[in-house]
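For reference, entry00.txt (compact mmCIF, C-alpha atoms):
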```
# COMPACT_ATOMS: atom_id res chain seq x y z
CA MET A 1 64.26 84.26 169.13
CA ALA A 2 67.49 86.00 168.18
CA ARG A 3 67.09 89.69 167.34
CA TRP A 4 69.71 89.39 164.63
CA GLN A 5 68.20 87.58 161.68
CA PRO A 6 70.79 87.51 158.91
CA ASP A 7 68.43 86.31 156.23
CA ALA A 8 65.08 87.37 157.71
CA GLN A 9 64.07 89.44 154.68
CA GLU A 10 64.76 86.62 152.22
CA ARG A 11 62.99 84.09 154.45
CA LEU A 12 59.92 86.32 154.64
CA GLN A 13 59.90 86.81 150.87
CA HIS A 14 60.26 83.11 150.23
CA ALA A 15 57.52 82.26 152.77
CA ALA A 16 55.20 84.88 151.27
CA MET A 17 55.65 83.61 147.70
CA THR A 18 55.14 80.01 148.81
CA LEU A 19 51.91 80.85 150.67
CA PHE A 20 50.57 83.15 147.92
CA LEU A 21 51.11 80.42 145.32
CA GLU A 22 49.59 77.76 147.61
CA ARG A 23 46.47 79.60 148.74
CA GLY A 24 46.15 82.85 146.79
CA TYR A 25 47.26 86.32 147.89
CA ASP A 26 43.93 87.38 149.43
CA GLU A 27 43.77 84.33 151.69
CA VAL A 28 47.16 84.81 153.36
CA THR A 29 47.83 87.03 156.40
CA VAL A 30 51.05 88.73 157.46
CA ALA A 31 51.00 86.64 160.66
CA GLU A 32 50.97 83.46 158.55
CA ILE A 33 53.88 84.68 156.42
CA ALA A 34 55.91 85.47 159.53
CA ASP A 35 54.99 82.14 161.07
CA ARG A 36 56.00 80.18 157.97
CA ALA A 37 59.36 82.02 158.02
CA GLY A 38 59.83 81.19 161.71
CA LEU A 39 59.66 84.89 162.59
CA THR A 40 57.24 87.26 164.29
CA ARG A 41 54.70 89.67 162.82
CA ARG A 42 56.74 92.50 164.34
CA THR A 43 59.85 91.35 162.47
CA TYR A 44 57.82 91.30 159.26
CA PHE A 45 56.92 94.96 159.74
CA ASN A 46 60.56 95.82 160.41
CA TYR A 47 61.21 94.86 156.81
CA PHE A 48 57.96 95.61 154.93
CA ALA A 49 55.44 98.41 155.43
CA ASP A 50 52.44 96.24 154.54
CA LYS A 51 51.41 92.87 153.09
CA ARG A 52 51.94 94.06 149.53
CA GLU A 53 55.51 95.32 149.95
CA VAL A 54 56.98 91.85 150.44
CA LEU A 55 56.55 91.47 146.66
CA PHE A 56 58.06 94.87 145.81
CA SER A 57 61.23 95.03 147.91
CA GLY A 58 63.34 94.94 144.75
CA ALA A 59 61.62 97.96 143.18
CA ALA A 60 63.90 100.60 144.71
CA THR A 61 67.07 98.79 143.54
CA PHE A 62 65.52 98.18 140.12
CA GLU A 63 64.76 101.91 139.76
CA ARG A 64 68.15 103.06 141.07
CA GLU A 65 70.03 100.77 138.64
CA ILE A 66 68.01 102.09 135.72
CA ILE A 67 68.58 105.72 136.71
CA ASP A 68 72.32 105.10 137.21
CA ALA A 69 72.51 103.59 133.71
CA VAL A 70 70.68 106.61 132.23
CA LEU A 71 73.01 109.09 133.94
CA ALA A 72 76.12 107.08 132.95
CA ALA A 73 75.25 106.88 129.23
CA PRO A 74 77.46 108.91 126.83
CA ALA A 75 76.10 112.38 126.09
CA ALA A 76 75.78 111.69 122.36
CA VAL A 77 73.26 108.85 122.77
CA SER A 78 69.66 109.86 121.96
CA SER A 79 67.10 110.03 124.77
CA VAL A 80 65.12 107.03 123.48
CA ASP A 81 68.26 104.92 123.08
CA VAL A 82 69.43 105.87 126.59
CA VAL A 83 66.10 104.83 128.12
CA MET A 84 65.81 101.65 126.08
CA GLY A 85 69.40 100.72 126.90
CA ALA A 86 68.94 101.25 130.64
CA LEU A 87 65.60 99.40 130.82
CA GLY A 88 66.96 96.64 128.58
CA THR A 89 70.11 96.04 130.64
CA VAL A 90 68.41 96.07 134.04
CA GLY A 91 65.43 94.13 132.69
CA ALA A 92 67.77 91.47 131.27
CA ALA A 93 69.40 91.01 134.69
CA LEU A 94 65.95 90.63 136.25
CA THR A 95 64.57 88.17 133.69
CA ALA A 96 67.78 86.11 133.91
CA TRP A 97 66.35 84.84 137.23
CA GLY A 98 63.73 83.01 135.19
CA GLU A 99 60.88 81.09 136.79
CA PRO A 100 60.74 82.85 140.22
CA VAL A 101 60.27 86.18 138.38
CA ARG A 102 57.46 84.70 136.27
CA GLN A 103 55.80 83.28 139.41
CA ARG A 104 55.99 86.64 141.16
CA GLN A 105 54.42 88.31 138.12
CA ARG A 106 51.52 85.83 138.15
CA VAL A 107 50.91 86.61 141.84
CA VAL A 108 51.00 90.38 141.16
CA GLU A 109 48.43 89.99 138.39
CA SER A 110 46.16 87.89 140.60
CA ALA A 111 45.08 90.70 142.95
CA THR A 112 43.89 94.25 142.19
CA GLU A 113 45.76 95.76 145.15
CA LEU A 114 48.99 94.24 143.85
CA ARG A 115 48.36 95.53 140.33
CA GLU A 116 47.75 98.99 141.83
CA ARG A 117 51.03 98.84 143.74
CA GLU A 118 52.84 97.75 140.57
CA LEU A 119 51.31 100.62 138.58
CA ILE A 120 52.35 103.15 141.27
CA LYS A 121 55.93 101.79 141.16
CA MET A 122 55.98 102.03 137.37
CA ASP A 123 54.62 105.57 137.55
CA ALA A 124 57.39 106.47 140.02
CA LEU A 125 59.89 104.95 137.58
CA VAL A 126 58.52 107.17 134.77
CA THR A 127 59.01 110.25 136.98
CA ALA A 128 62.55 109.23 138.00
CA LEU A 129 63.46 108.47 134.36
CA ALA A 130 62.07 111.83 133.21
CA ASP A 131 64.10 113.62 135.90
CA ALA A 132 67.26 111.76 134.87
CA LEU A 133 66.73 112.60 131.18
CA HIS A 134 66.10 116.23 132.13
CA GLN A 135 69.42 116.20 134.04
CA ARG A 136 71.01 115.05 130.76
CA GLY A 137 69.65 118.18 129.08
CA VAL A 138 66.45 116.79 127.56
CA GLU A 139 63.60 119.29 127.64
CA ARG A 140 61.21 118.50 130.56
CA LEU A 141 58.12 117.61 128.49
CA THR A 142 60.01 115.49 125.96
CA ALA A 143 61.75 113.75 128.88
CA THR A 144 58.37 112.82 130.39
CA LEU A 145 57.04 111.49 127.08
CA VAL A 146 60.17 109.48 126.29
CA ALA A 147 60.13 108.02 129.81
CA GLN A 148 56.49 106.99 129.34
CA VAL A 149 57.15 105.40 125.97
CA GLY A 150 60.20 103.58 127.38
CA VAL A 151 58.30 102.17 130.36
CA ALA A 152 55.38 101.18 128.09
CA VAL A 153 57.81 99.27 125.87
CA TYR A 154 59.44 97.66 128.90
CA ARG A 155 56.13 96.61 130.47
CA THR A 156 54.80 95.18 127.21
CA ALA A 157 58.03 93.27 126.55
CA PHE A 158 58.23 92.03 130.14
CA GLN A 159 54.63 90.82 129.91
CA GLN A 160 55.46 88.83 126.77
CA TRP A 161 58.53 87.42 128.45
CA ALA A 162 56.54 86.47 131.57
CA GLU A 163 53.91 84.66 129.49
CA SER A 164 56.52 82.64 127.64
CA SER A 165 58.40 79.74 129.19
CA GLY A 166 62.03 78.74 129.29
CA PRO A 167 65.01 81.01 128.67
CA ARG A 168 64.23 83.98 126.47
CA ASP A 169 66.05 87.27 125.97
CA LEU A 170 64.20 90.48 126.78
CA ALA A 171 66.26 92.74 124.47
CA PRO A 172 64.91 91.51 121.10
CA ILE A 173 61.33 91.70 122.43
CA MET A 174 61.97 95.33 123.43
CA ASP A 175 63.63 96.10 120.09
CA ASP A 176 60.63 94.69 118.26
CA ALA A 177 58.29 96.82 120.40
CA ILE A 178 60.11 100.10 119.74
CA ARG A 179 60.21 99.26 116.01
CA ARG A 180 56.44 98.81 116.07
CA ILE A 181 55.98 102.20 117.77
CA ARG A 182 58.30 103.85 115.21
CA ALA A 183 56.31 102.38 112.35
CA ALA A 184 52.97 103.32 113.96
CA VAL A 185 53.74 106.96 114.82
CA GLY A 186 55.22 107.55 111.38
CA PRO A 187 58.03 109.80 110.19
CA ALA A 188 59.00 112.84 112.26
CA ALA A 189 58.77 115.34 109.41
CA PRO A 190 57.10 113.76 106.38
CA LEU A 191 57.05 116.86 104.17
CA SER A 192 60.64 118.02 104.55
CA ALA A 193 61.87 114.44 104.27
CA ARG A 194 60.45 114.05 100.77
CA MET B 195 13.69 109.99 153.59
CA ALA B 196 12.30 109.21 150.16
CA ARG B 197 13.81 106.12 148.52
CA TRP B 198 13.75 107.82 145.15
CA GLN B 199 16.49 110.43 145.07
CA PRO B 200 16.50 111.92 141.57
CA ASP B 201 19.80 113.71 141.98
CA ALA B 202 21.34 111.66 144.81
CA GLN B 203 24.47 110.73 142.84
CA GLU B 204 25.22 114.32 141.86
CA ARG B 205 24.56 115.54 145.42
CA LEU B 206 26.96 112.94 146.81
CA GLN B 207 29.64 113.87 144.27
CA HIS B 208 29.24 117.56 145.02
CA ALA B 209 29.31 116.98 148.79
CA ALA B 210 32.41 114.78 148.47
CA MET B 211 34.33 117.32 146.37
CA THR B 212 33.39 120.13 148.77
CA LEU B 213 34.53 118.16 151.81
CA PHE B 214 37.73 116.86 150.15
CA LEU B 215 38.71 120.41 149.17
CA GLU B 216 37.81 121.77 152.63
CA ARG B 217 39.55 119.19 154.79
CA GLY B 218 41.62 116.89 152.59
CA TYR B 219 40.61 113.47 151.23
CA ASP B 220 42.08 111.41 154.08
CA GLU B 221 40.17 113.35 156.76
CA VAL B 222 36.70 112.79 155.31
CA THR B 223 34.48 109.75 155.94
CA VAL B 224 31.72 108.30 153.76
CA ALA B 225 29.24 109.04 156.59
CA GLU B 226 30.21 112.72 156.45
CA ILE B 227 29.80 112.84 152.67
CA ALA B 228 26.34 111.28 152.94
CA ASP B 229 25.41 113.62 155.79
CA ARG B 230 26.51 116.72 153.86
CA ALA B 231 24.37 115.55 150.91
CA GLY B 232 21.40 115.01 153.22
CA LEU B 233 21.48 111.26 152.51
CA THR B 234 22.42 108.09 154.35
CA ARG B 235 25.60 106.04 154.27
CA ARG B 236 23.53 103.20 152.81
CA THR B 237 22.43 105.43 149.92
CA TYR B 238 26.08 106.34 149.31
CA PHE B 239 26.95 102.67 148.88
CA ASN B 240 24.02 102.21 146.49
CA TYR B 241 25.89 104.51 144.13
CA PHE B 242 29.59 104.01 144.91
CA ALA B 243 31.50 100.87 145.91
CA ASP B 244 33.92 102.73 148.21
CA LYS B 245 35.10 106.20 149.25
CA ARG B 246 37.35 106.50 146.20
CA GLU B 247 34.72 105.72 143.57
CA VAL B 248 32.78 108.97 144.14
CA LEU B 249 35.61 110.65 142.20
CA PHE B 250 35.64 108.07 139.37
CA SER B 251 31.98 107.64 138.46
CA GLY B 252 32.63 109.22 135.06
CA ALA B 253 35.39 106.77 134.15
CA ALA B 254 33.12 104.14 132.57
CA THR B 255 31.39 106.71 130.33
CA PHE B 256 34.75 108.28 129.44
CA GLU B 257 36.11 104.89 128.38
CA ARG B 258 32.97 103.89 126.46
CA GLU B 259 32.93 107.15 124.49
CA ILE B 260 36.59 106.72 123.54
CA ILE B 261 36.06 103.12 122.44
CA ASP B 262 32.95 104.08 120.43
CA ALA B 263 34.99 106.76 118.65
CA VAL B 264 37.76 104.27 117.86
CA LEU B 265 35.32 101.73 116.43
CA ALA B 266 33.48 104.42 114.41
CA ALA B 267 36.61 105.83 112.73
CA PRO B 268 37.02 105.19 108.98
CA ALA B 269 39.04 102.08 108.17
CA ALA B 270 41.71 104.05 106.30
CA VAL B 271 42.77 106.10 109.33
CA SER B 272 46.04 104.92 110.91
CA SER B 273 45.96 103.35 114.37
CA VAL B 274 47.78 106.25 116.03
CA ASP B 275 45.50 108.83 114.39
CA VAL B 276 42.41 106.85 115.44
CA VAL B 277 43.57 106.71 119.07
CA MET B 278 44.69 110.35 119.17
CA GLY B 279 41.43 111.45 117.55
CA ALA B 280 39.29 109.51 120.02
CA LEU B 281 41.24 110.62 123.11
CA GLY B 282 41.37 114.19 121.80
CA THR B 283 37.63 114.47 121.16
CA VAL B 284 36.50 112.92 124.44
CA GLY B 285 39.25 114.74 126.35
CA ALA B 286 38.15 118.06 124.84
CA ALA B 287 34.58 117.48 126.03
CA LEU B 288 35.91 116.72 129.52
CA THR B 289 38.27 119.69 129.78
CA ALA B 290 35.50 122.02 128.48
CA TRP B 291 34.05 121.73 132.00
CA GLY B 292 37.04 123.74 133.19
CA GLU B 293 37.68 124.47 136.86
CA PRO B 294 35.70 121.57 138.45
CA VAL B 295 37.79 119.13 136.39
CA ARG B 296 41.03 120.82 137.54
CA GLN B 297 39.83 120.70 141.16
CA ARG B 298 39.03 117.01 140.89
CA GLN B 299 42.49 116.37 139.45
CA ARG B 300 44.15 118.17 142.37
CA VAL B 301 42.18 115.99 144.81
CA VAL B 302 43.16 112.81 142.92
CA GLU B 303 46.83 113.79 143.08
CA SER B 304 46.61 114.55 146.82
CA ALA B 305 46.22 110.93 147.99
CA THR B 306 48.13 107.78 147.02
CA GLU B 307 45.02 105.59 147.06
CA LEU B 308 43.35 107.96 144.58
CA ARG B 309 46.41 107.98 142.31
CA GLU B 310 46.35 104.18 142.42
CA ARG B 311 42.69 104.10 141.41
CA GLU B 312 43.40 106.56 138.59
CA LEU B 313 46.29 104.42 137.32
CA ILE B 314 44.09 101.29 137.38
CA LYS B 315 41.40 103.12 135.35
CA MET B 316 44.01 104.31 132.84
CA ASP B 317 45.39 100.77 132.59
CA ALA B 318 41.87 99.47 131.91
CA LEU B 319 41.53 102.16 129.22
CA VAL B 320 44.77 100.93 127.59
CA THR B 321 43.39 97.37 127.51
CA ALA B 322 40.03 98.49 126.09
CA LEU B 323 41.74 100.67 123.46
CA ALA B 324 44.04 97.79 122.46
CA ASP B 325 41.01 95.48 122.11
CA ALA B 326 39.20 98.06 119.96
CA LEU B 327 42.23 98.56 117.70
CA HIS B 328 42.59 94.79 117.39
CA GLN B 329 38.92 94.62 116.33
CA ARG B 330 39.85 97.13 113.60
CA GLY B 331 42.45 94.66 112.33
CA VAL B 332 45.56 96.01 114.07
CA GLU B 333 47.93 93.24 115.18
CA ARG B 334 47.51 92.52 118.92
CA LEU B 335 50.99 93.63 120.07
CA THR B 336 51.05 96.80 117.96
CA ALA B 337 47.54 97.58 119.25
CA THR B 338 48.75 97.36 122.86
CA LEU B 339 51.76 99.59 122.19
CA VAL B 340 49.77 102.21 120.26
CA ALA B 341 47.16 102.25 123.04
CA GLN B 342 49.90 102.79 125.63
CA VAL B 343 51.51 105.61 123.64
CA GLY B 344 48.10 107.22 123.11
CA VAL B 345 47.17 107.11 126.79
CA ALA B 346 50.65 108.41 127.74
CA VAL B 347 50.15 111.35 125.38
CA TYR B 348 46.66 111.98 126.76
CA ARG B 349 47.79 111.84 130.41
CA THR B 350 50.75 114.15 129.81
CA ALA B 351 48.60 116.65 127.88
CA PHE B 352 45.80 116.49 130.45
CA GLN B 353 48.34 117.13 133.22
CA GLN B 354 49.59 120.24 131.41
CA TRP B 355 46.03 121.39 130.89
CA ALA B 356 45.16 120.80 134.56
CA GLU B 357 48.19 122.81 135.73
CA SER B 358 47.28 125.77 133.52
CA SER B 359 44.43 128.14 134.28
CA GLY B 360 41.62 129.58 132.21
CA PRO B 361 40.27 128.16 128.94
CA ARG B 362 42.81 126.13 127.00
CA ASP B 363 42.35 123.59 124.22
CA LEU B 364 43.60 120.06 124.81
CA ALA B 365 44.07 119.18 121.11
CA PRO B 366 47.16 121.35 120.38
CA ILE B 367 48.83 120.11 123.60
CA MET B 368 48.25 116.51 122.45
CA ASP B 369 49.48 117.30 118.91
CA ASP B 370 52.65 118.80 120.36
CA ALA B 371 53.17 115.69 122.52
CA ILE B 372 52.85 113.22 119.65
CA ARG B 373 55.21 115.38 117.54
CA ARG B 374 57.78 115.18 120.34
CA ILE B 375 57.45 111.38 120.46
CA ARG B 376 57.81 111.17 116.66
CA ALA B 377 60.96 113.28 116.79
CA ALA B 378 62.37 111.29 119.74
CA VAL B 379 61.81 107.76 118.40
CA GLY B 380 63.22 108.73 115.02
CA PRO B 381 62.41 107.55 111.53
CA ALA B 382 60.75 104.19 111.01
CA ALA B 383 63.24 102.91 108.44
CA PRO B 384 66.28 105.19 108.29
CA LEU B 385 68.32 103.11 105.85
CA SER B 386 65.73 102.50 103.15
CA ALA B 387 64.53 106.12 103.42
CA ARG B 388 67.90 107.50 102.42
```
Any chance you could give the structure as structure tokens?
Amino acid sequence: MARWQPDAQERLQHAAMTLFLERGYDEVTVAEIADRAGLTRRTYFNYFADKREVLFSGAATFEREIIDAVLAAPAAVSSVDVVMGALGTVGAALTAWGEPVRQRQRVVESATELRERELIKMDALVTALADALHQRGVERLTATLVAQVGVAVYRTAFQQWAESSGPRDLAPIMDDAIRRIRAAVGPAAPLSAR
Amino acid sequence: MARWQPDAQERLQHAAMTLFLERGYDEVTVAEIADRAGLTRRTYFNYFADKREVLFSGAATFEREIIDAVLAAPAAVSSVDVVMGALGTVGAALTAWGEPVRQRQRVVESATELRERELIKMDALVTALADALHQRGVERLTATLVAQVGVAVYRTAFQQWAESSGPRDLAPIMDDAIRRIRAAVGPAAPLSAR
């Protein structure tokens, strides 16, 4: 077997998704994924730290693109708008892939250890977003809270998108979600505003 | 060894915390926890499903008390106030225990598999809170978003409390957090309010 495998990572991901959808995540071994991809177990572990990671290889890029968008936003934009804009833009690029993204989401939700990994990645995204907002001059605690609200909106909107079928834009679902939060938490300063 | 162990669960929890603080979570085995408590490994697994669960045995009660408070709140109270009130009351009872709760939190944050378990429990709390709000007549999607904002506020406030020392009330930290979110997300209907 050649040591240079130009598309080994993609082949492993494709093989993993195929097997997970065929037989269920818990029933598939790393050796079987490697075998289906025509590669070895050792090659698998050159690319992914464990069986779960084959489904999360895009997480680092996803996070970096969001953080780059936050840091690139004009200084005058409010913290919530910066976060919503960054999550909306990167989320739109992700959901544009359509059905494969929905399939992956169904696999993630099918196993507790995958849901745990997803939650850890989302928690890391909250921390990275909070750091980026803080770099923009937002007070540390407010940055953490805004990052949490932003990721909550994103996750809820993404979930709705994943449960729907056919082409659907993420942005209006996110806009609707932030409007609902605005309405629920109420005005910032009710007395002085009257 | 007697089969009836009136305080076996508490002894196991105490032994686990002592060992985790002494040697670090990763270095301790279930057999060692049981041994330190003067019990068997089998008894341990009568009480806890795995090594992690010994730190999360209170999670079910914590969740139930919060949900009971949500369902018992007067109908006129807004969804955000209901959630903040329930999390604030139950959180205050938890943090009143002081140092042992801070110690547990430090252990949870010391190991990825414990952070994962904590995130799964918090995610289950979000789902339960959303269901309870929906039972109170709140629209499903708004209920999910309010539950997520509430749990984000609680987690952030609890984190601040855990990092401080000495007696400190959780309620004002949570109030400050929700005020920051209100200010950040802005007015619900800026145009009609002018």
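Minimum distance to B:Val276 across B:Ala351, B:Ala365, B:Val345, B:Ala263 (counting all atoms listed in the file) occurs at B:Ala263.
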Chain A contacts on chain B, all atoms listed in the file, 7 Å, as number ranges by chain: B: 274, 310, 313-314, 336, 339-340, 342-343, 346, 373-382
Residue contacts of stretch 99-103 of chain A (9 Å, all atoms listed in the file) excluding same-chain residues fewer than 4 positions away, as a ChimeraX atom specification: /A:17,21,94-95,107-108,161-166
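Nearest residue to B:Gln299, choosing from B:Glu204, B:Phe352, B:Thr234, B:Pro361 and counting all atoms listed in the file: B:Phe352.
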Shell of 8 Å around stretch 222-227 of chain B, only C-alpha atoms, local chain residues under 4 positions omitted, as a count of residues only: 12
Put the listed atoms of stretch 211-225 of chain B in a box along x, y and z with 5 Å added on every side and give me the centre and edge lengths in Å to one decimal, as JSON.
```
{"center_x": 35.7, "center_y": 115.0, "center_z": 151.6, "size_x": 22.8, "size_y": 23.5, "size_z": 20.4}
```
Since the input has fewer atoms than a full residue there, write stretch 86-108 of chain A out with N, CA, C and O atoms, as an mmCIF file, in the coordinates of the input.
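Saved to result24.cif:
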```cif
data_model
loop_
_atom_site.group_PDB
_atom_site.id
_atom_site.type_symbol
_atom_site.label_atom_id
_atom_site.label_comp_id
_atom_site.auth_asym_id
_atom_site.auth_seq_id
_atom_site.Cartn_x
_atom_site.Cartn_y
_atom_site.Cartn_z
ATOM 1 N N ALA A 86 68.977 101.418 129.179
ATOM 2 C CA ALA A 86 68.940 101.250 130.640
ATOM 3 C C ALA A 86 67.883 100.219 131.033
ATOM 4 O O ALA A 86 68.151 99.309 131.824
ATOM 5 N N LEU A 87 66.675 100.349 130.493
ATOM 6 C CA LEU A 87 65.600 99.400 130.820
ATOM 7 C C LEU A 87 65.952 98.004 130.320
ATOM 8 O O LEU A 87 65.663 97.000 130.990
ATOM 9 N N GLY A 88 66.593 97.927 129.161
ATOM 10 C CA GLY A 88 66.960 96.640 128.580
ATOM 11 C C GLY A 88 68.010 95.912 129.417
ATOM 12 O O GLY A 88 67.891 94.714 129.674
ATOM 13 N N THR A 89 69.029 96.651 129.860
ATOM 14 C CA THR A 89 70.110 96.040 130.640
ATOM 15 C C THR A 89 69.606 95.556 131.997
ATOM 16 O O THR A 89 69.849 94.413 132.407
ATOM 17 N N VAL A 90 68.880 96.428 132.704
ATOM 18 C CA VAL A 90 68.410 96.070 134.040
ATOM 19 C C VAL A 90 67.308 95.004 133.936
ATOM 20 O O VAL A 90 67.236 94.078 134.748
ATOM 21 N N GLY A 91 66.474 95.124 132.912
ATOM 22 C CA GLY A 91 65.430 94.130 132.690
ATOM 23 C C GLY A 91 66.017 92.756 132.362
ATOM 24 O O GLY A 91 65.496 91.721 132.793
ATOM 25 N N ALA A 92 67.120 92.742 131.611
ATOM 26 C CA ALA A 92 67.770 91.470 131.270
ATOM 27 C C ALA A 92 68.306 90.777 132.520
ATOM 28 O O ALA A 92 68.197 89.551 132.667
ATOM 29 N N ALA A 93 68.887 91.580 133.436
ATOM 30 C CA ALA A 93 69.400 91.010 134.690
ATOM 31 C C ALA A 93 68.253 90.435 135.522
ATOM 32 O O ALA A 93 68.390 89.372 136.138
ATOM 33 N N LEU A 94 67.117 91.114 135.506
ATOM 34 C CA LEU A 94 65.950 90.630 136.250
ATOM 35 C C LEU A 94 65.404 89.328 135.652
ATOM 36 O O LEU A 94 65.186 88.332 136.360
ATOM 37 N N THR A 95 65.193 89.327 134.336
ATOM 38 C CA THR A 95 64.570 88.170 133.690
ATOM 39 C C THR A 95 65.517 86.966 133.660
ATOM 40 O O THR A 95 65.056 85.829 133.501
ATOM 41 N N ALA A 96 66.821 87.226 133.851
ATOM 42 C CA ALA A 96 67.780 86.110 133.910
ATOM 43 C C ALA A 96 67.475 85.174 135.094
ATOM 44 O O ALA A 96 67.884 84.017 135.088
ATOM 45 N N TRP A 97 66.740 85.676 136.099
ATOM 46 C CA TRP A 97 66.350 84.840 137.230
ATOM 47 C C TRP A 97 65.303 83.791 136.838
ATOM 48 O O TRP A 97 65.077 82.828 137.568
ATOM 49 N N GLY A 98 64.638 84.025 135.718
ATOM 50 C CA GLY A 98 63.730 83.010 135.190
ATOM 51 C C GLY A 98 62.446 82.781 135.970
ATOM 52 O O GLY A 98 61.756 83.724 136.333
ATOM 53 N N GLU A 99 62.185 81.518 136.269
ATOM 54 C CA GLU A 99 60.880 81.090 136.790
ATOM 55 C C GLU A 99 60.397 81.851 138.039
ATOM 56 O O GLU A 99 59.223 82.229 138.104
ATOM 57 N N PRO A 100 61.243 82.108 139.041
ATOM 58 C CA PRO A 100 60.740 82.850 140.220
ATOM 59 C C PRO A 100 60.167 84.221 139.832
ATOM 60 O O PRO A 100 59.208 84.692 140.446
ATOM 61 N N VAL A 101 60.755 84.867 138.821
ATOM 62 C CA VAL A 101 60.270 86.180 138.380
ATOM 63 C C VAL A 101 58.912 86.030 137.694
ATOM 64 O O VAL A 101 58.011 86.854 137.876
ATOM 65 N N ARG A 102 58.764 84.954 136.913
ATOM 66 C CA ARG A 102 57.460 84.700 136.270
ATOM 67 C C ARG A 102 56.385 84.407 137.322
ATOM 68 O O ARG A 102 55.257 84.865 137.222
ATOM 69 N N GLN A 103 56.763 83.609 138.343
ATOM 70 C CA GLN A 103 55.800 83.280 139.410
ATOM 71 C C GLN A 103 55.352 84.544 140.134
ATOM 72 O O GLN A 103 54.168 84.745 140.394
ATOM 73 N N ARG A 104 56.324 85.402 140.478
ATOM 74 C CA ARG A 104 55.990 86.640 141.160
ATOM 75 C C ARG A 104 55.010 87.476 140.300
ATOM 76 O O ARG A 104 54.039 88.023 140.800
ATOM 77 N N GLN A 105 55.270 87.530 139.004
ATOM 78 C CA GLN A 105 54.420 88.310 138.120
ATOM 79 C C GLN A 105 52.985 87.758 138.111
ATOM 80 O O GLN A 105 52.023 88.525 138.120
ATOM 81 N N ARG A 106 52.860 86.428 138.129
ATOM 82 C CA ARG A 106 51.520 85.830 138.150
ATOM 83 C C ARG A 106 50.794 86.195 139.446
ATOM 84 O O ARG A 106 49.591 86.455 139.438
ATOM 85 N N VAL A 107 51.535 86.219 140.563
ATOM 86 C CA VAL A 107 50.910 86.610 141.840
ATOM 87 C C VAL A 107 50.462 88.076 141.757
ATOM 88 O O VAL A 107 49.344 88.421 142.137
ATOM 89 N N VAL A 108 51.333 88.949 141.258
ATOM 90 C CA VAL A 108 51.000 90.380 141.160
ATOM 91 C C VAL A 108 49.720 90.573 140.351
ATOM 92 O O VAL A 108 48.851 91.366 140.719
#
```
